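Have a look at structure.cif below; it lists mmCIF, C-alpha atoms and all ligand atoms.
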```cif
data_protein
loop_
_atom_site.group_PDB
_atom_site.id
_atom_site.type_symbol
_atom_site.label_atom_id
_atom_site.label_comp_id
_atom_site.auth_asym_id
_atom_site.auth_seq_id
_atom_site.Cartn_x
_atom_site.Cartn_y
_atom_site.Cartn_z
ATOM 1 C CA MET A 1 15.298 -33.307 147.770
ATOM 2 C CA THR A 2 17.436 -35.037 145.178
ATOM 3 C CA GLN A 3 15.978 -34.451 141.780
ATOM 4 C CA ILE A 4 17.629 -34.040 138.430
ATOM 5 C CA ILE A 5 15.746 -31.918 135.960
ATOM 6 C CA THR A 6 16.980 -32.537 132.471
ATOM 7 C CA ASN A 7 14.788 -30.187 130.480
ATOM 8 C CA THR A 8 15.326 -26.439 130.466
ATOM 9 C CA ILE A 9 12.520 -23.997 131.061
ATOM 10 C CA PHE A 10 12.312 -23.339 127.327
ATOM 11 C CA ASP A 11 11.970 -26.944 126.226
ATOM 12 C CA SER A 12 8.483 -26.929 124.738
ATOM 13 C CA ASN A 13 8.636 -30.591 123.668
ATOM 14 C CA LYS A 14 8.367 -31.732 127.248
ATOM 15 C CA SER A 15 6.253 -28.901 128.468
ATOM 16 C CA ASP A 16 2.732 -30.240 128.211
ATOM 17 C CA VAL A 17 2.771 -32.954 130.818
ATOM 18 C CA LEU A 18 3.560 -33.232 134.467
ATOM 19 C CA HIS A 19 6.882 -35.006 134.794
ATOM 20 C CA LYS A 20 6.837 -38.234 136.720
ATOM 21 C CA ASN A 21 7.825 -37.839 140.340
ATOM 22 C CA ASN A 22 7.601 -34.091 140.191
ATOM 23 C CA LYS A 23 5.813 -32.609 143.109
ATOM 24 C CA THR A 24 2.835 -30.370 142.436
ATOM 25 C CA ILE A 25 2.706 -27.171 144.468
ATOM 26 C CA GLU A 26 -0.291 -24.823 144.454
ATOM 27 C CA LEU A 27 -0.009 -21.043 144.074
ATOM 28 C CA LYS A 28 -1.529 -20.679 147.521
ATOM 29 C CA GLU A 29 1.294 -22.644 149.080
ATOM 30 C CA VAL A 30 3.934 -20.708 147.162
ATOM 31 C CA SER A 31 2.498 -17.462 148.529
ATOM 32 C CA TRP A 32 3.294 -18.524 152.098
ATOM 33 C CA HIS A 33 7.018 -18.580 151.318
ATOM 34 C CA ASP A 34 7.595 -14.879 150.884
ATOM 35 C CA THR A 35 10.333 -13.887 153.309
ATOM 36 C CA ARG A 36 14.110 -13.604 153.345
ATOM 37 C CA ASN A 37 14.340 -16.797 155.409
ATOM 38 C CA ASP A 38 11.924 -18.744 153.273
ATOM 39 C CA CYS A 39 11.710 -17.531 149.688
ATOM 40 C CA TRP A 40 10.033 -19.356 146.811
ATOM 41 C CA ILE A 41 9.432 -17.988 143.314
ATOM 42 C CA ILE A 42 7.783 -19.297 140.162
ATOM 43 C CA VAL A 43 9.388 -19.220 136.723
ATOM 44 C CA TYR A 44 7.530 -20.772 133.795
ATOM 45 C CA ASP A 45 5.149 -22.599 136.118
ATOM 46 C CA ARG A 46 7.989 -24.222 138.014
ATOM 47 C CA VAL A 47 8.535 -23.511 141.678
ATOM 48 C CA TYR A 48 11.988 -22.725 143.067
ATOM 49 C CA ASP A 49 13.157 -22.410 146.647
ATOM 50 C CA ILE A 50 15.764 -19.671 146.268
ATOM 51 C CA THR A 51 16.299 -18.968 149.975
ATOM 52 C CA ASP A 52 19.934 -20.076 149.778
ATOM 53 C CA PHE A 53 20.478 -18.204 146.527
ATOM 54 C CA LEU A 54 19.420 -14.739 147.731
ATOM 55 C CA ASN A 55 22.923 -13.746 148.814
ATOM 56 C CA GLU A 56 24.512 -15.211 145.690
ATOM 57 C CA HIS A 57 22.363 -13.573 143.038
ATOM 58 C CA PRO A 58 24.486 -11.256 140.835
ATOM 59 C CA GLY A 59 21.459 -8.987 140.485
ATOM 60 C CA GLY A 60 21.093 -8.633 144.269
ATOM 61 C CA ASP A 61 18.606 -9.974 146.778
ATOM 62 C CA ASP A 62 16.161 -7.046 146.741
ATOM 63 C CA ILE A 63 14.946 -7.786 143.247
ATOM 64 C CA LEU A 64 14.379 -11.431 144.158
ATOM 65 C CA LEU A 65 12.530 -10.561 147.343
ATOM 66 C CA GLU A 66 10.172 -8.351 145.331
ATOM 67 C CA HIS A 67 8.953 -11.580 143.757
ATOM 68 C CA ALA A 68 8.980 -13.742 146.879
ATOM 69 C CA GLY A 69 5.964 -16.049 146.953
ATOM 70 C CA ARG A 70 4.965 -14.979 143.435
ATOM 71 C CA ASP A 71 5.463 -15.484 139.746
ATOM 72 C CA ALA A 72 8.784 -14.028 138.551
ATOM 73 C CA THR A 73 8.697 -15.274 134.959
ATOM 74 C CA ILE A 74 8.418 -11.941 133.174
ATOM 75 C CA ALA A 75 11.070 -10.327 135.398
ATOM 76 C CA PHE A 76 13.422 -13.270 134.886
ATOM 77 C CA ARG A 77 12.913 -13.282 131.150
ATOM 78 C CA GLY A 78 12.811 -9.512 130.825
ATOM 79 C CA THR A 79 16.233 -8.993 132.396
ATOM 80 C CA GLY A 80 17.824 -11.136 129.704
ATOM 81 C CA HIS A 81 19.388 -13.856 131.827
ATOM 82 C CA SER A 82 22.086 -16.005 130.232
ATOM 83 C CA ALA A 83 21.805 -19.722 129.485
ATOM 84 C CA GLN A 84 23.974 -20.244 132.532
ATOM 85 C CA ALA A 85 21.410 -18.445 134.683
ATOM 86 C CA VAL A 86 18.635 -20.603 133.206
ATOM 87 C CA ARG A 87 20.627 -23.716 134.098
ATOM 88 C CA ALA A 88 21.253 -22.355 137.592
ATOM 89 C CA LEU A 89 17.506 -22.507 138.220
ATOM 90 C CA ASP A 90 17.535 -26.319 138.222
ATOM 91 C CA LYS A 91 19.440 -26.448 141.450
ATOM 92 C CA TYR A 92 16.575 -24.764 143.275
ATOM 93 C CA PHE A 93 13.665 -26.617 141.675
ATOM 94 C CA ILE A 94 11.160 -28.046 144.174
ATOM 95 C CA GLY A 95 8.018 -28.692 142.114
ATOM 96 C CA GLU A 96 5.583 -27.277 139.605
ATOM 97 C CA LEU A 97 2.154 -25.720 139.533
ATOM 98 C CA PRO A 98 -0.879 -27.934 138.952
ATOM 99 C CA LEU A 99 -2.087 -27.824 135.339
ATOM 100 C CA GLU A 100 -5.109 -25.648 136.174
ATOM 101 C CA GLU A 101 -2.908 -22.954 137.725
ATOM 102 C CA ARG A 102 -0.313 -22.762 134.986
ATOM 103 C CA LEU A 103 0.199 -19.734 132.806
ATOM 104 C CA PHE A 104 2.722 -21.071 130.325
ATOM 105 C CA ARG A 105 3.244 -24.794 130.108
ATOM 106 C CA LYS A 106 -0.208 -26.276 129.739
ATOM 107 C CA PRO A 107 -1.841 -28.540 127.168
ATOM 108 C CA ASN A 108 -3.289 -26.621 124.209
ATOM 109 C CA GLY A 109 -2.098 -23.362 125.697
ATOM 110 C CA ILE A 110 -1.369 -20.376 123.497
ATOM 111 C CA LYS A 111 2.242 -20.206 122.439
ATOM 112 C CA LEU A 112 3.515 -16.624 122.559
ATOM 113 C CA GLY A 113 5.382 -17.161 119.304
ATOM 114 C CA ASN A 114 2.085 -17.895 117.519
ATOM 115 C CA LEU A 115 0.392 -14.639 118.470
ATOM 116 C CA PRO A 116 -0.148 -12.228 115.537
ATOM 117 C CA ILE A 117 1.462 -9.274 117.324
HETATM 118 C C1 LIG A 201 16.261 -18.192 140.751
HETATM 119 C C2 LIG A 201 16.116 -17.235 139.866
HETATM 120 C C3 LIG A 201 17.293 -16.489 139.307
HETATM 121 C C4 LIG A 201 18.534 -16.948 138.970
HETATM 122 C C5 LIG A 201 19.082 -18.381 139.071
HETATM 123 C C6 LIG A 201 19.282 -15.805 138.495
HETATM 124 C C7 LIG A 201 20.590 -15.844 138.089
HETATM 125 C C8 LIG A 201 21.308 -14.770 137.638
HETATM 126 C C9 LIG A 201 22.656 -14.819 137.110
HETATM 127 C C10 LIG A 201 23.498 -16.094 136.991
HETATM 128 C C11 LIG A 201 23.002 -13.567 136.763
HETATM 129 C C12 LIG A 201 24.338 -13.133 136.122
HETATM 130 C C13 LIG A 201 24.119 -12.734 134.668
HETATM 131 C C14 LIG A 201 23.636 -13.897 133.821
HETATM 132 O O1 LIG A 201 24.289 -14.955 133.825
HETATM 133 O O2 LIG A 201 22.589 -13.738 133.171
HETATM 134 C C15 LIG A 201 21.883 -12.714 137.076
HETATM 135 C C16 LIG A 201 21.861 -11.347 136.867
HETATM 136 C C17 LIG A 201 20.762 -10.556 137.074
HETATM 137 N N1 LIG A 201 19.532 -10.941 137.517
HETATM 138 FE FE1 LIG A 201 19.015 -12.829 138.053
HETATM 139 N N2 LIG A 201 18.480 -14.701 138.539
HETATM 140 C C18 LIG A 201 17.273 -15.089 139.023
HETATM 141 C C19 LIG A 201 16.154 -14.317 139.182
HETATM 142 C C20 LIG A 201 16.060 -12.992 138.875
HETATM 143 C C21 LIG A 201 14.864 -12.213 138.956
HETATM 144 C C22 LIG A 201 13.480 -12.732 139.377
HETATM 145 C C23 LIG A 201 15.194 -10.970 138.625
HETATM 146 C C24 LIG A 201 14.198 -9.855 138.587
HETATM 147 C C25 LIG A 201 14.198 -8.877 137.765
HETATM 148 C C26 LIG A 201 16.619 -10.934 138.305
HETATM 149 C C27 LIG A 201 17.377 -9.836 137.905
HETATM 150 C C28 LIG A 201 18.703 -9.844 137.561
HETATM 151 C C29 LIG A 201 19.450 -8.678 137.142
HETATM 152 C C30 LIG A 201 18.917 -7.256 137.050
HETATM 153 C C31 LIG A 201 20.746 -9.124 136.837
HETATM 154 C C32 LIG A 201 21.895 -8.278 136.306
HETATM 155 C C33 LIG A 201 22.849 -7.907 137.400
HETATM 156 C C34 LIG A 201 23.995 -7.073 136.844
HETATM 157 O O3 LIG A 201 24.544 -7.418 135.789
HETATM 158 O O4 LIG A 201 24.329 -6.068 137.483
HETATM 159 N N3 LIG A 201 17.097 -12.207 138.465
HETATM 160 N N4 LIG A 201 20.871 -13.456 137.601
#
```
Can you present the structure in this file as structure tokens?
Ligand code: HEM
Amino acid sequence: MTQIITNTIFDSNKSDVLHKNNKTIELKEVSWHDTRNDCWIIVYDRVYDITDFLNEHPGGDDILLEHAGRDATIAFRGTGHSAQAVRALDKYFIGELPLEERLFRKPNGIKLGNLPI
């Protein structure tokens, strides 16, 4: 798939709408891709096919496989990845969750920065 994603995962200005031409992929479908030979993960409601990245990840493949077929947002964010790592995600982008299945980028959603604690 040839697709250029111009916004980063932290770009809240563009976060509330489905981007034109972006494919929607349901959580159920993501869950089927949970092996070393076919590994998808979700970061900020976007779906990435990281099968070809497993052997290249500086943090190792095990940690990625622990999140195969699942949401990896908190793990990705929590390990303090660089801006370069965030940009590296784009290469593996294949689609995004439907609005009703999103945790982060949805219309009128709670912004973590606005929480009192
Ligand atoms: C497709 C998703 C991911 C990409 C593109 C990615 C990319 C990278 C890159 C480029 C680095 C080098 C350091 C940096 O630039 O920040 C790195 C390090 C690391 N990543 Fe990831 N990462 C991904 C997912 C994850 C996930 C889900 C975890 C789970 C906790 C993880 C854990 C780590 C750890 C622990 C390191 C540090 C390795 C070290 O310095 O020894 N990564 N990652």
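A straight line drawn from atom CA of A:Ala85 to atom C14 of ligand LIG 201 (chain A) is 5.1 Å long.
With distances taken over only C-alpha atoms and all ligand atoms, A:Thr79 is the one residue among A:Ser31, A:Asn108, A:Asn22, A:Thr79 lying closest to ligand LIG 201 (chain A).
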Can you build me a table of chain A residues sitting at most 10 Å from ligand LIG 201 (chain A), with the closest atom pair per residue and its distance in Å to one decimal, using only C-alpha atoms and all ligand atoms, sorted by chain and residue number, as CSV?
```
residue,atom,partner,partner_atom,distance
A:Trp40,CA,A:LIG201,C1,8.8
A:Ile41,CA,A:LIG201,C1,7.3
A:Ile42,CA,A:LIG201,C1,8.6
A:Val43,CA,A:LIG201,C2,7.7
A:Val47,CA,A:LIG201,C1,9.4
A:Tyr48,CA,A:LIG201,C1,6.6
A:Asp49,CA,A:LIG201,C1,7.9
A:Ile50,CA,A:LIG201,C1,5.7
A:Thr51,CA,A:LIG201,C1,9.3
A:Asp52,CA,A:LIG201,C1,9.9
A:Phe53,CA,A:LIG201,C1,7.2
A:Leu54,CA,A:LIG201,C1,8.4
A:Glu56,CA,A:LIG201,C7,8.6
A:His57,CA,A:LIG201,C8,5.6
A:Pro58,CA,A:LIG201,C16,4.8
A:Gly59,CA,A:LIG201,C33,3.6
A:Gly60,CA,A:LIG201,C33,7.1
A:Asp61,CA,A:LIG201,N3,8.7
A:Asp62,CA,A:LIG201,C24,8.8
A:Ile63,CA,A:LIG201,C24,5.2
A:Leu64,CA,A:LIG201,C22,5.0
A:Leu65,CA,A:LIG201,C22,8.3
A:Glu66,CA,A:LIG201,C24,8.0
A:His67,CA,A:LIG201,C22,6.4
A:Ala68,CA,A:LIG201,C22,8.8
A:Arg70,CA,A:LIG201,C22,9.7
A:Asp71,CA,A:LIG201,C22,8.5
A:Ala72,CA,A:LIG201,C22,4.9
A:Thr73,CA,A:LIG201,C22,7.0
A:Ile74,CA,A:LIG201,C25,8.0
A:Ala75,CA,A:LIG201,C25,4.2
A:Phe76,CA,A:LIG201,C21,4.4
A:Arg77,CA,A:LIG201,C25,8.1
A:Gly78,CA,A:LIG201,C25,7.1
A:Thr79,CA,A:LIG201,C30,5.6
A:Gly80,CA,A:LIG201,O2,6.4
A:His81,CA,A:LIG201,O2,3.5
A:Ser82,CA,A:LIG201,O2,3.7
A:Ala83,CA,A:LIG201,O1,6.9
A:Gln84,CA,A:LIG201,O1,5.5
A:Ala85,CA,A:LIG201,C10,3.9
A:Val86,CA,A:LIG201,C5,6.3
A:Arg87,CA,A:LIG201,C5,7.5
A:Ala88,CA,A:LIG201,C5,4.8
A:Leu89,CA,A:LIG201,C5,4.5
A:Asp90,CA,A:LIG201,C5,8.1
A:Lys91,CA,A:LIG201,C5,8.4
A:Tyr92,CA,A:LIG201,C1,7.0
A:Phe93,CA,A:LIG201,C1,8.9
```
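With only C-alpha atoms as the atoms that count, the minimum distance from A:Lys28 to the choices A:Gly69, A:Tyr44, A:Gly109, A:Pro116 is reached by A:Gly69.
If you look at atom CA of A:Arg46 and atom CA of A:Glu29, they are 13.0 Å away from each other.
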